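To start, the structure itself, in structure tokens.
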Amino acid sequence: MDGEAPYNPRTVEEVFGDFKGRRSAMIKALTTDVEEFYQQCDPEKENLCLYGFPNEQWEVNFPAEEVPPELPEPALGINFARDGMQDKDWLSLVAVHSDAWLLAVSFYFGARFGFDKADRKRLFDMINDLPTIFEVVTGAAKKQTKERSSVSNHSSSKSKSNSKGSELQTKYSKAAQSKDVEEKVLEDDDEEHGETLCGACGENYAADEFWICCDICEKWFHGKCVKITPARAEHIKQYKCPSCSNKRAHP
């Protein structure tokens with residue numbers, strides 16, 4: 001592996017920088033340099049691996065001979081499957097194994113240099129913010145970006161819509177509550193006066209009609225029966241029905 005110079009990142013930022021360099025190299029091999037990569041993965045050769053280096057260079061080569069190797073090794077024998085699969089499926093397979101290798105290398109450094117729980121989480125979060133090689137190679141990354149943009153726009157318009165909807169809902173709720181209260185009052189009136197009869201015509205009480213009570217005999221009357229309107233009733237301090245008025249007039 002001539003393309004890799006000895007490098008030991010020791011901080012989360014350095015390990016993430018190492019990850020990004022290797023990732024860029026492998027994406028380049030599987031996209032812009034794919035023809036060259038395809039040619040180098042000759043099925044007639046021994047087990048071949050795809051290596052990515054921190055300097056953003058890639059290499060197809062044999063696995064390290066030392067055991068155990070200095071770093072985790074990428075998937076072996078990627079060249080054997082080249083001619084037995086459709087190109088896009090083969091590249092997707094190599095991409096998946098490349099993602100796994102990148103994580104292995106990064107967390108190897110993390111373990112080697114004693115990253116604690118917070119460091120490991122921060123490293124993973126930084127890595128996870130980037131699309132995987134698989135997502136880039138298959139086009140899923142672009143699709144997700146478009147979907148996020150669409151969701152963002154939809155959420156924005158939905159938020160405005162919800163804001164208006166919320167206002168309408170509030171108004172509707174208040175109106176509904178007012179109506180419910182009104183209906184409850186009418187229901188209570190119906191229950192309270194359901195058996196009340198008009199002192200003039202003898203008909204039952206109806207909540208949708210104006211009634212007035214005599215302050216003397218305490219009998220209820222239809223307003224229309226005693227010729228009293230709601231407006232006129234507001235100015236009457238003490239109402240006397242015709243019968244009580246006649247009694248007072250003729251003792």
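Labeling convention for the structure tokens: chains A, B, ... as they appear, residues from 1 per chain, ligands from 1 in order of appearance.
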
Residues flagged strand (DSSP E) by DSSP in stretch 16-129 of chain A, as a list in words: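 The strand (DSSP E) residues within stretch 16-129 of chain A come out as Cys49, Leu50, Tyr51, Gly52, Trp58, Glu59, Val60 and Asn61 of chain A.
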
A:Ala64, A:Ala100, A:Leu30, A:Ile78 ranked by distance to A:Glu44, top pick (using only C-alpha atoms):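 Nearest to A:Glu44: A:Ile78.
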
Quick one: DSSP alpha helix (DSSP H) residues in stretch 104-141 of chain A, as an mmCIF file with C-alpha atoms, in the first residue's frame?
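The file below, out19.cif, is the result:
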data_model
loop_
_atom_site.group_PDB
_atom_site.id
_atom_site.type_symbol
_atom_site.label_atom_id
_atom_site.label_comp_id
_atom_site.auth_asym_id
_atom_site.auth_seq_id
_atom_site.Cartn_x
_atom_site.Cartn_y
_atom_site.Cartn_z
ATOM 1 C CA ALA A 104 -13.812 0.277 11.544
ATOM 2 C CA VAL A 105 -10.709 2.383 10.903
ATOM 3 C CA SER A 106 -12.112 5.457 12.686
ATOM 4 C CA PHE A 107 -13.169 3.561 15.775
ATOM 5 C CA TYR A 108 -9.911 1.631 15.756
ATOM 6 C CA PHE A 109 -8.155 4.982 16.213
ATOM 7 C CA GLY A 110 -10.719 5.933 18.846
ATOM 8 C CA ALA A 111 -10.067 2.768 20.820
ATOM 9 C CA ARG A 112 -6.324 2.966 20.377
ATOM 10 C CA LYS A 117 -18.025 7.811 25.556
ATOM 11 C CA ALA A 118 -18.494 11.507 24.779
ATOM 12 C CA ASP A 119 -15.631 11.460 22.221
ATOM 13 C CA ARG A 120 -16.994 8.359 20.506
ATOM 14 C CA LYS A 121 -20.473 9.863 20.316
ATOM 15 C CA ARG A 122 -19.121 13.130 18.927
ATOM 16 C CA LEU A 123 -17.068 11.254 16.334
ATOM 17 C CA PHE A 124 -20.061 9.168 15.279
ATOM 18 C CA ASP A 125 -22.301 12.239 15.059
ATOM 19 C CA MET A 126 -19.767 14.003 12.830
ATOM 20 C CA ILE A 127 -19.491 10.926 10.596
ATOM 21 C CA ASN A 128 -23.244 10.413 10.552
ATOM 22 C CA ILE A 133 -20.527 6.022 0.263
ATOM 23 C CA PHE A 134 -23.424 3.703 -0.580
ATOM 24 C CA GLU A 135 -25.847 6.641 -0.562
ATOM 25 C CA VAL A 136 -23.567 8.661 -2.832
ATOM 26 C CA VAL A 137 -22.948 5.804 -5.290
ATOM 27 C CA THR A 138 -26.618 4.784 -5.545
ATOM 28 C CA ALA A 140 -29.807 8.056 -2.488
ATOM 29 C CA ALA A 141 -27.927 11.043 -1.056
#

Minimum-distance residue to A:Phe16, chosen among A:Lys237, A:Leu71, A:Cys41, A:Pro54 (using only C-alpha atoms):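 For A:Phe16, the nearest of the given residues is A:Pro54.
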
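Within 8 Å of A:Tyr239, once only C-alpha atoms are used and residues closer than 6 positions along the same chain are dropped, the contacting residues are Cys213, Cys214, Asp215 and Ile216 of chain A.
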
Residue with smallest distance to A:Leu103 - pool A:Gln86, A:Gln39, A:Thr132, A:Ser24, counting only C-alpha atoms: A:Thr132

Interatomic distance, atom CA of A:Thr32 to atom CA of A:Val15 (Å, one decimal):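 Between atom CA of A:Thr32 and atom CA of A:Val15 the gap is 25.2 Å.
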
Would you pick out the contacts of A:Leu48 at 7 Å or less, using only C-alpha atoms, so that residues sharing its chain but fewer than 4 positions from it are not included, and give the list as a PDB file with all heavy atoms, in the first residue's frame?
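This is the output file part-v2.pdb:
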ATOM      1  N   VAL A  60      -6.278   0.035  -5.524  1.00  0.00           N
ATOM      2  CA  VAL A  60      -6.714  -1.362  -5.496  1.00  0.00           C
ATOM      3  C   VAL A  60      -5.445  -2.210  -5.327  1.00  0.00           C
ATOM      4  O   VAL A  60      -4.534  -2.125  -6.145  1.00  0.00           O
ATOM      5  CB  VAL A  60      -7.449  -1.753  -6.797  1.00  0.00           C
ATOM      6  CG1 VAL A  60      -7.724  -3.255  -6.826  1.00  0.00           C
ATOM      7  CG2 VAL A  60      -8.748  -0.964  -6.932  1.00  0.00           C
ATOM      8  N   ASN A  61      -5.409  -2.999  -4.262  1.00  0.00           N
ATOM      9  CA  ASN A  61      -4.175  -3.720  -3.978  1.00  0.00           C
ATOM     10  C   ASN A  61      -4.475  -4.990  -3.196  1.00  0.00           C
ATOM     11  O   ASN A  61      -5.609  -5.233  -2.775  1.00  0.00           O
ATOM     12  CB  ASN A  61      -3.223  -2.827  -3.182  1.00  0.00           C
ATOM     13  CG  ASN A  61      -1.761  -3.165  -3.433  1.00  0.00           C
ATOM     14  OD1 ASN A  61      -1.442  -4.295  -3.809  1.00  0.00           O
ATOM     15  ND2 ASN A  61      -0.886  -2.193  -3.211  1.00  0.00           N
ATOM     16  N   PHE A  62      -3.453  -5.783  -2.999  1.00  0.00           N
ATOM     17  CA  PHE A  62      -3.588  -6.995  -2.192  1.00  0.00           C
ATOM     18  C   PHE A  62      -3.639  -6.614  -0.713  1.00  0.00           C
ATOM     19  O   PHE A  62      -3.113  -5.564  -0.326  1.00  0.00           O
ATOM     20  CB  PHE A  62      -2.417  -7.940  -2.460  1.00  0.00           C
ATOM     21  CG  PHE A  62      -2.310  -8.361  -3.902  1.00  0.00           C
ATOM     22  CD1 PHE A  62      -1.255  -7.915  -4.706  1.00  0.00           C
ATOM     23  CD2 PHE A  62      -3.266  -9.208  -4.455  1.00  0.00           C
ATOM     24  CE1 PHE A  62      -1.171  -8.311  -6.032  1.00  0.00           C
ATOM     25  CE2 PHE A  62      -3.169  -9.602  -5.779  1.00  0.00           C
ATOM     26  CZ  PHE A  62      -2.127  -9.153  -6.574  1.00  0.00           C
ATOM     27  N   PRO A  63      -4.244  -7.441   0.107  1.00  0.00           N
ATOM     28  CA  PRO A  63      -4.320  -7.126   1.538  1.00  0.00           C
ATOM     29  C   PRO A  63      -2.932  -7.158   2.180  1.00  0.00           C
ATOM     30  O   PRO A  63      -1.988  -7.745   1.638  1.00  0.00           O
ATOM     31  CB  PRO A  63      -5.221  -8.236   2.089  1.00  0.00           C
ATOM     32  CG  PRO A  63      -5.100  -9.358   1.114  1.00  0.00           C
ATOM     33  CD  PRO A  63      -4.926  -8.717  -0.223  1.00  0.00           C
ATOM     34  N   LEU A  76     -12.131  -8.328   1.351  1.00  0.00           N
ATOM     35  CA  LEU A  76     -11.247  -9.044   0.428  1.00  0.00           C
ATOM     36  C   LEU A  76     -12.019  -9.538  -0.799  1.00  0.00           C
ATOM     37  O   LEU A  76     -13.203  -9.853  -0.719  1.00  0.00           O
ATOM     38  CB  LEU A  76     -10.624 -10.256   1.131  1.00  0.00           C
ATOM     39  CG  LEU A  76      -9.754  -9.986   2.359  1.00  0.00           C
ATOM     40  CD1 LEU A  76      -9.343 -11.308   2.986  1.00  0.00           C
ATOM     41  CD2 LEU A  76      -8.527  -9.177   1.962  1.00  0.00           C
ATOM     42  N   GLY A  77     -11.313  -9.619  -1.918  1.00  0.00           N
ATOM     43  CA  GLY A  77     -11.861 -10.279  -3.103  1.00  0.00           C
ATOM     44  C   GLY A  77     -12.973  -9.534  -3.807  1.00  0.00           C
ATOM     45  O   GLY A  77     -13.847 -10.155  -4.421  1.00  0.00           O
ATOM     46  N   ILE A  78     -12.954  -8.193  -3.756  1.00  0.00           N
ATOM     47  CA  ILE A  78     -14.023  -7.436  -4.440  1.00  0.00           C
ATOM     48  C   ILE A  78     -13.978  -7.676  -5.950  1.00  0.00           C
ATOM     49  O   ILE A  78     -14.998  -7.534  -6.629  1.00  0.00           O
ATOM     50  CB  ILE A  78     -13.905  -5.923  -4.144  1.00  0.00           C
ATOM     51  CG1 ILE A  78     -12.524  -5.396  -4.592  1.00  0.00           C
ATOM     52  CG2 ILE A  78     -14.154  -5.622  -2.674  1.00  0.00           C
ATOM     53  CD1 ILE A  78     -12.417  -3.882  -4.527  1.00  0.00           C
ATOM     54  N   ASN A  79     -12.829  -8.075  -6.446  1.00  0.00           N
ATOM     55  CA  ASN A  79     -12.683  -8.298  -7.891  1.00  0.00           C
ATOM     56  C   ASN A  79     -13.395  -9.562  -8.363  1.00  0.00           C
ATOM     57  O   ASN A  79     -13.819  -9.661  -9.518  1.00  0.00           O
ATOM     58  CB  ASN A  79     -11.203  -8.375  -8.277  1.00  0.00           C
ATOM     59  CG  ASN A  79     -10.431  -9.358  -7.433  1.00  0.00           C
ATOM     60  OD1 ASN A  79     -10.591  -9.399  -6.209  1.00  0.00           O
ATOM     61  ND2 ASN A  79      -9.578 -10.172  -8.062  1.00  0.00           N
TER      62      ASN A  79
END

Polymer residues at most 9 Å from A:Thr196, only C-alpha atoms, same-chain spacing of 4 or more positions, as a list in words: Glu192, Gly202, Glu203, Asn204, Tyr205, Lys219 and Trp220 of chain A

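Note that atom CA of A:Asp129 and atom CA of A:Val34 are 25.0 Å apart.
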